[in-house]
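Coordinates from structure10.txt are shown below (compact mmCIF, C-alpha atoms).
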# COMPACT_ATOMS: atom_id res chain seq x y z
CA GLN A 1497 -17.44 65.73 -241.17
CA LYS A 1498 -14.38 64.50 -239.39
CA GLU A 1499 -13.46 60.87 -239.81
CA VAL A 1500 -13.13 60.33 -236.07
CA GLU A 1501 -14.93 62.17 -233.28
CA GLN A 1502 -14.08 62.12 -229.61
CA ASN A 1503 -15.34 64.06 -226.63
CA SER A 1504 -12.39 66.26 -225.72
CA GLY A 1505 -13.24 66.12 -222.02
CA PRO A 1506 -11.65 66.64 -219.65
CA LEU A 1507 -12.88 63.50 -217.98
CA SER A 1508 -12.17 63.10 -214.28
CA VAL A 1509 -12.67 59.88 -212.34
CA PRO A 1510 -11.65 58.89 -208.81
CA GLU A 1511 -8.92 56.33 -208.32
CA GLY A 1512 -10.29 52.80 -208.52
CA ALA A 1513 -13.28 53.75 -210.67
CA ILE A 1514 -14.00 52.74 -214.26
CA ALA A 1515 -13.09 55.33 -216.91
CA SER A 1516 -15.12 55.15 -220.11
CA LEU A 1517 -13.81 56.80 -223.27
CA ASN A 1518 -15.88 56.97 -226.43
CA CYS A 1519 -15.24 57.43 -230.12
CA THR A 1520 -17.40 57.50 -233.24
CA TYR A 1521 -16.25 57.21 -236.83
CA SER A 1522 -17.85 58.11 -240.13
CA ASP A 1523 -16.42 55.68 -242.70
CA ARG A 1524 -18.08 52.26 -242.78
CA GLY A 1525 -15.04 50.99 -244.67
CA SER A 1526 -12.95 51.39 -241.53
CA GLN A 1527 -11.07 48.21 -240.87
CA SER A 1528 -9.25 48.44 -237.58
CA PHE A 1529 -9.57 50.63 -234.53
CA PHE A 1530 -6.87 51.73 -232.16
CA TRP A 1531 -6.51 53.44 -228.83
CA TYR A 1532 -3.35 55.41 -228.16
CA ARG A 1533 -2.31 56.96 -224.86
CA GLN A 1534 -0.31 60.18 -224.88
CA TYR A 1535 1.28 61.59 -221.78
CA SER A 1536 1.93 65.30 -221.76
CA GLY A 1537 5.04 66.08 -223.79
CA LYS A 1538 5.39 62.52 -225.05
CA SER A 1539 4.52 60.68 -228.25
CA PRO A 1540 1.38 58.57 -228.64
CA GLU A 1541 1.78 54.92 -227.65
CA LEU A 1542 -0.48 52.09 -228.73
CA ILE A 1543 -2.42 50.44 -225.90
CA MET A 1544 -5.19 48.51 -227.68
CA PHE A 1545 -6.46 47.64 -231.11
CA ILE A 1546 -9.62 45.84 -232.19
CA TYR A 1547 -11.03 44.84 -235.55
CA SER A 1548 -13.94 42.51 -234.74
CA ASN A 1549 -17.28 43.41 -233.24
CA GLY A 1550 -17.48 42.83 -229.51
CA ASP A 1551 -15.07 43.23 -226.64
CA LYS A 1552 -11.33 42.77 -226.38
CA GLU A 1553 -9.71 42.71 -222.97
CA ASP A 1554 -6.08 43.31 -222.04
CA GLY A 1555 -5.42 43.63 -218.34
CA ARG A 1556 -7.35 46.60 -216.99
CA PHE A 1557 -8.26 47.77 -220.50
CA THR A 1558 -11.27 46.68 -222.55
CA ALA A 1559 -11.96 47.89 -226.08
CA GLN A 1560 -15.51 47.60 -227.37
CA LEU A 1561 -16.45 47.82 -231.03
CA ASN A 1562 -19.90 48.16 -232.58
CA LYS A 1563 -19.56 48.49 -236.35
CA ALA A 1564 -23.30 48.86 -236.92
CA SER A 1565 -23.33 51.94 -234.71
CA GLN A 1566 -19.84 53.02 -235.84
CA TYR A 1567 -18.78 53.28 -232.27
CA VAL A 1568 -15.68 52.19 -230.39
CA SER A 1569 -14.97 52.65 -226.72
CA LEU A 1570 -12.22 52.07 -224.19
CA LEU A 1571 -12.91 51.08 -220.60
CA ILE A 1572 -10.20 51.37 -217.98
CA ARG A 1573 -10.98 49.40 -214.82
CA ASP A 1574 -9.47 50.22 -211.43
CA SER A 1575 -8.22 53.56 -212.75
CA GLN A 1576 -4.86 54.69 -211.42
CA PRO A 1577 -3.33 58.17 -211.28
CA SER A 1578 -0.76 56.89 -213.79
CA ASP A 1579 -3.61 56.49 -216.29
CA SER A 1580 -3.96 60.28 -216.40
CA ALA A 1581 -3.22 61.16 -220.02
CA THR A 1582 -4.86 62.03 -223.31
CA TYR A 1583 -6.40 59.06 -225.11
CA LEU A 1584 -6.50 59.15 -228.89
CA CYS A 1585 -8.87 57.05 -230.94
CA ALA A 1586 -7.61 56.09 -234.41
CA VAL A 1587 -9.27 54.40 -237.34
CA ASN A 1588 -7.40 52.47 -240.02
CA ILE A 1589 -8.79 52.93 -243.52
CA GLY A 1590 -6.60 51.34 -246.16
CA ASN A 1591 -3.07 52.14 -245.10
CA GLN A 1592 -3.88 55.40 -243.36
CA PHE A 1593 -4.74 56.23 -239.79
CA TYR A 1594 -7.23 58.93 -238.92
CA PHE A 1595 -6.98 60.26 -235.39
CA GLY A 1596 -9.51 61.91 -233.16
CA THR A 1597 -8.48 64.99 -231.23
CA GLY A 1598 -8.25 63.00 -228.01
CA THR A 1599 -9.94 62.85 -224.63
CA SER A 1600 -8.07 64.14 -221.60
CA LEU A 1601 -8.44 61.81 -218.59
CA THR A 1602 -7.52 62.74 -215.04
CA VAL A 1603 -7.61 60.09 -212.31
CA ILE A 1604 -7.97 61.73 -208.92
CA PRO A 1605 -6.17 59.99 -206.02
CA ASP B 1278 14.90 47.64 -232.02
CA ALA B 1279 15.60 51.32 -231.32
CA GLY B 1280 12.19 52.42 -232.52
CA VAL B 1281 11.52 55.42 -234.73
CA ILE B 1282 14.29 57.97 -234.21
CA GLN B 1283 13.70 61.66 -234.75
CA SER B 1284 16.10 64.57 -234.54
CA PRO B 1285 16.41 67.14 -233.22
CA ARG B 1286 14.17 66.79 -230.13
CA HIS B 1287 13.79 70.54 -229.87
CA GLU B 1288 14.35 73.27 -232.42
CA VAL B 1289 14.05 77.00 -231.89
CA THR B 1290 14.52 79.16 -234.94
CA GLU B 1291 13.79 82.63 -236.17
CA MET B 1292 11.04 83.39 -238.63
CA GLY B 1293 12.28 83.09 -242.20
CA GLN B 1294 14.93 80.48 -241.46
CA GLU B 1295 15.02 77.02 -242.99
CA VAL B 1296 14.23 74.11 -240.70
CA THR B 1297 14.99 70.45 -241.40
CA LEU B 1298 13.52 67.65 -239.33
CA ARG B 1299 14.89 64.12 -239.60
CA CYS B 1300 13.46 60.67 -239.13
CA LYS B 1301 14.81 57.13 -239.15
CA PRO B 1302 11.98 54.57 -239.33
CA ILE B 1303 11.99 51.10 -237.84
CA SER B 1304 13.87 48.66 -240.04
CA GLY B 1305 11.46 46.61 -242.14
CA HIS B 1306 8.63 49.12 -241.97
CA ASP B 1307 7.54 50.11 -245.47
CA TYR B 1308 5.31 53.06 -244.59
CA LEU B 1309 6.48 56.36 -243.15
CA PHE B 1310 4.22 59.18 -242.00
CA TRP B 1311 4.83 62.77 -240.96
CA TYR B 1312 2.32 64.29 -238.52
CA ARG B 1313 2.00 67.69 -236.91
CA GLN B 1314 0.33 68.10 -233.52
CA THR B 1315 -1.04 71.31 -232.01
CA MET B 1316 -3.47 71.89 -229.18
CA MET B 1317 -5.98 73.45 -231.54
CA ARG B 1318 -5.93 70.92 -234.39
CA GLY B 1319 -4.68 67.72 -232.77
CA LEU B 1320 -2.72 65.28 -234.92
CA GLU B 1321 -2.67 66.19 -238.61
CA LEU B 1322 -1.22 63.94 -241.28
CA LEU B 1323 1.11 65.94 -243.51
CA ILE B 1324 2.47 63.31 -245.92
CA TYR B 1325 3.16 59.62 -246.10
CA PHE B 1326 5.51 57.40 -248.07
CA ASN B 1327 5.30 53.77 -249.14
CA ASN B 1328 8.56 52.11 -250.10
CA ASN B 1329 10.22 55.55 -250.19
CA VAL B 1330 7.67 56.94 -252.67
CA PRO B 1331 5.40 59.83 -251.59
CA ILE B 1332 1.82 58.61 -251.80
CA ASP B 1333 -0.29 61.43 -250.39
CA ASP B 1334 0.95 64.92 -249.61
CA SER B 1335 -2.46 66.57 -249.49
CA GLY B 1336 -1.94 67.43 -245.83
CA MET B 1337 1.13 69.54 -246.48
CA PRO B 1338 -0.08 73.03 -245.57
CA GLU B 1339 1.68 74.95 -248.34
CA ASP B 1340 4.65 75.04 -250.64
CA ARG B 1341 6.93 76.06 -247.82
CA PHE B 1342 6.79 72.44 -246.66
CA SER B 1343 8.59 69.64 -248.47
CA ALA B 1344 9.47 66.06 -247.56
CA LYS B 1345 11.86 63.52 -248.97
CA MET B 1346 12.70 59.89 -248.39
CA PRO B 1347 15.91 59.13 -250.27
CA ASN B 1348 16.13 55.59 -248.88
CA ALA B 1349 14.30 53.15 -246.61
CA SER B 1350 16.09 54.33 -243.49
CA PHE B 1351 15.86 58.11 -243.69
CA SER B 1352 13.35 60.87 -244.28
CA THR B 1353 13.38 64.64 -243.92
CA LEU B 1354 10.70 67.29 -243.53
CA LYS B 1355 11.83 70.76 -244.51
CA ILE B 1356 10.16 74.09 -243.89
CA GLN B 1357 11.48 77.05 -245.85
CA PRO B 1358 10.89 79.81 -244.88
CA SER B 1359 9.56 79.04 -241.41
CA GLU B 1360 6.79 81.10 -239.80
CA PRO B 1361 5.58 81.38 -236.18
CA ARG B 1362 2.39 79.48 -237.06
CA ASP B 1363 4.53 76.46 -237.91
CA SER B 1364 5.31 76.05 -234.21
CA ALA B 1365 4.11 72.58 -233.24
CA VAL B 1366 5.32 69.11 -232.39
CA TYR B 1367 6.19 67.15 -235.51
CA PHE B 1368 5.97 63.38 -235.28
CA CYS B 1369 7.30 60.77 -237.62
CA ALA B 1370 5.70 57.32 -237.55
CA SER B 1371 6.41 54.11 -239.41
CA SER B 1372 4.35 51.00 -239.96
CA ARG B 1373 4.08 47.65 -241.66
CA TRP B 1374 1.26 45.20 -242.25
CA THR B 1375 1.23 42.56 -239.49
CA GLY B 1376 -1.44 40.35 -241.03
CA THR B 1377 -4.25 41.80 -238.98
CA SER B 1378 -3.43 45.48 -238.81
CA TYR B 1379 -0.77 48.05 -239.49
CA GLY B 1380 1.74 48.12 -236.65
CA TYR B 1381 2.16 51.84 -236.17
CA THR B 1382 4.95 53.34 -234.06
CA PHE B 1383 5.63 57.01 -233.39
CA GLY B 1384 8.96 58.66 -232.85
CA SER B 1385 9.53 60.93 -229.86
CA GLY B 1386 8.75 64.01 -231.91
CA THR B 1387 10.47 67.31 -232.64
CA ARG B 1388 9.15 70.34 -230.81
CA LEU B 1389 9.55 73.27 -233.18
CA THR B 1390 9.32 76.85 -232.01
CA VAL B 1391 9.53 79.63 -234.56
CA VAL B 1392 10.01 83.06 -233.04

Take the structure I supplied and represent it as structure tokens, if you would.
Amino acid sequence: QKEVEQNSGPLSVPEGAIASLNCTYSDRGSQSFFWYRQYSGKSPELIMFIYSNGDKEDGRFTAQLNKASQYVSLLIRDSQPSDSATYLCAVNIGNQFYFGTGTSLTVIP
Amino acid sequence: DAGVIQSPRHEVTEMGQEVTLRCKPISGHDYLFWYRQTMMRGLELLIYFNNNVPIDDSGMPEDRFSAKMPNASFSTLKIQPSEPRDSAVYFCASSRWTGTSYGYTFGSGTRLTVV
């Protein structure tokens, strides 16, 4: 079983809508959870991290963590075409990161 | 800070040739990671170092791959001999403990094509 599972998509949403990206993880010892955005041909860049149960908001982005269900999600409000990218979920166990394969998001103008 | 610096950005080589990828981590970061990314397999961890010492190389695909970190500011990933299936984007990342998490930064990557 993979450490981190994501729906590969592609996920398409209209501009202005809420995009919801989901991720599950297998190791209950996971400590911190990260969302990276990767534009085509570019390196992953960190957009959010969360380590406590509940919600964490940063601008249009909200990360949600439920450790009991081993589930972490990313909501993007008022989606913009510039949000079109692949979103990678990562889990920190010890000093290693385990990445999902990513969800491709397309925001349609 | 200049971030994690990788070179070259692109490398095209013939099968059987030796390839060396280079990485300069962020100053003060004590962990360095080498990843490979392909469409089929996503991001795969190859090896990581802590304080210049290799900690886990279980992701290195085979003996053709080797990595070194002679000092805190430089690391190399070498493939000898290279094969077409090694074609991928290779990322270097560095990190340090921030008190709440590991601050993890990727370099721009090296796109390797083996023909």

Residue contacts of Ser1565 (chain A) (10 Å, only C-alpha atoms) excluding same-chain residues fewer than 3 positions away, as a PyMOL selection string: chain A and resi 1520-1522+1524+1561-1562+1568

Contact set, chain B to chain A: 12 Å, all atoms listed in the file, as a ChimeraX atom specification: /B:1280-1283,1286-1287,1307-1327,1332-1333,1365-1388

Save out the residues we just selected, C-alpha atoms, as a PDB file, in the frame of the given file.
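Output (again.pdb):
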ATOM      1  CA  GLY B1280      12.190  52.420-232.520  1.00  0.00           C
ATOM      2  CA  VAL B1281      11.520  55.420-234.730  1.00  0.00           C
ATOM      3  CA  ILE B1282      14.290  57.970-234.210  1.00  0.00           C
ATOM      4  CA  GLN B1283      13.700  61.660-234.750  1.00  0.00           C
ATOM      5  CA  ARG B1286      14.170  66.790-230.130  1.00  0.00           C
ATOM      6  CA  HIS B1287      13.790  70.540-229.870  1.00  0.00           C
ATOM      7  CA  ASP B1307       7.540  50.110-245.470  1.00  0.00           C
ATOM      8  CA  TYR B1308       5.310  53.060-244.590  1.00  0.00           C
ATOM      9  CA  LEU B1309       6.480  56.360-243.150  1.00  0.00           C
ATOM     10  CA  PHE B1310       4.220  59.180-242.000  1.00  0.00           C
ATOM     11  CA  TRP B1311       4.830  62.770-240.960  1.00  0.00           C
ATOM     12  CA  TYR B1312       2.320  64.290-238.520  1.00  0.00           C
ATOM     13  CA  ARG B1313       2.000  67.690-236.910  1.00  0.00           C
ATOM     14  CA  GLN B1314       0.330  68.100-233.520  1.00  0.00           C
ATOM     15  CA  THR B1315      -1.040  71.310-232.010  1.00  0.00           C
ATOM     16  CA  MET B1316      -3.470  71.890-229.180  1.00  0.00           C
ATOM     17  CA  MET B1317      -5.980  73.450-231.540  1.00  0.00           C
ATOM     18  CA  ARG B1318      -5.930  70.920-234.390  1.00  0.00           C
ATOM     19  CA  GLY B1319      -4.680  67.720-232.770  1.00  0.00           C
ATOM     20  CA  LEU B1320      -2.720  65.280-234.920  1.00  0.00           C
ATOM     21  CA  GLU B1321      -2.670  66.190-238.610  1.00  0.00           C
ATOM     22  CA  LEU B1322      -1.220  63.940-241.280  1.00  0.00           C
ATOM     23  CA  LEU B1323       1.110  65.940-243.510  1.00  0.00           C
ATOM     24  CA  ILE B1324       2.470  63.310-245.920  1.00  0.00           C
ATOM     25  CA  TYR B1325       3.160  59.620-246.100  1.00  0.00           C
ATOM     26  CA  PHE B1326       5.510  57.400-248.070  1.00  0.00           C
ATOM     27  CA  ASN B1327       5.300  53.770-249.140  1.00  0.00           C
ATOM     28  CA  ILE B1332       1.820  58.610-251.800  1.00  0.00           C
ATOM     29  CA  ASP B1333      -0.290  61.430-250.390  1.00  0.00           C
ATOM     30  CA  ALA B1365       4.110  72.580-233.240  1.00  0.00           C
ATOM     31  CA  VAL B1366       5.320  69.110-232.390  1.00  0.00           C
ATOM     32  CA  TYR B1367       6.190  67.150-235.510  1.00  0.00           C
ATOM     33  CA  PHE B1368       5.970  63.380-235.280  1.00  0.00           C
ATOM     34  CA  CYS B1369       7.300  60.770-237.620  1.00  0.00           C
ATOM     35  CA  ALA B1370       5.700  57.320-237.550  1.00  0.00           C
ATOM     36  CA  SER B1371       6.410  54.110-239.410  1.00  0.00           C
ATOM     37  CA  SER B1372       4.350  51.000-239.960  1.00  0.00           C
ATOM     38  CA  ARG B1373       4.080  47.650-241.660  1.00  0.00           C
ATOM     39  CA  TRP B1374       1.260  45.200-242.250  1.00  0.00           C
ATOM     40  CA  THR B1375       1.230  42.560-239.490  1.00  0.00           C
ATOM     41  CA  GLY B1376      -1.440  40.350-241.030  1.00  0.00           C
ATOM     42  CA  THR B1377      -4.250  41.800-238.980  1.00  0.00           C
ATOM     43  CA  SER B1378      -3.430  45.480-238.810  1.00  0.00           C
ATOM     44  CA  TYR B1379      -0.770  48.050-239.490  1.00  0.00           C
ATOM     45  CA  GLY B1380       1.740  48.120-236.650  1.00  0.00           C
ATOM     46  CA  TYR B1381       2.160  51.840-236.170  1.00  0.00           C
ATOM     47  CA  THR B1382       4.950  53.340-234.060  1.00  0.00           C
ATOM     48  CA  PHE B1383       5.630  57.010-233.390  1.00  0.00           C
ATOM     49  CA  GLY B1384       8.960  58.660-232.850  1.00  0.00           C
ATOM     50  CA  SER B1385       9.530  60.930-229.860  1.00  0.00           C
ATOM     51  CA  GLY B1386       8.750  64.010-231.910  1.00  0.00           C
ATOM     52  CA  THR B1387      10.470  67.310-232.640  1.00  0.00           C
ATOM     53  CA  ARG B1388       9.150  70.340-230.810  1.00  0.00           C
TER      54      ARG B1388
END

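Here CA of Val1330 (chain B) and CA of Ser1352 (chain B) stand 10.9 Å from one another.
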
Test item: which residues lie within 7 Å of (-14.0, 49.5, -217.2) counting all atoms listed in the file, as a ChimeraX atom specification: /A:1514-1516,1557-1558,1571-1573

Between CA of Thr1582 (chain A) and CA of Leu1507 (chain A) - distance in Å to one decimal: 9.7 Å

Gap from CA of Met1292 (chain B) to CA of Arg1341 (chain B) - Å, one decimal: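 Taking CA of Met1292 (chain B) as the start and CA of Arg1341 (chain B) as the end point, the length is 12.5 Å.
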
Contacts of Asp1523 (chain A) within 9 Å, all atoms listed in the file, excl. fewer than 6 positions in-chain, as a list in words: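 Once the adjacent positions are removed, what remains is Glu1499, Val1500, Gln1566 and Ile1589 of chain A.
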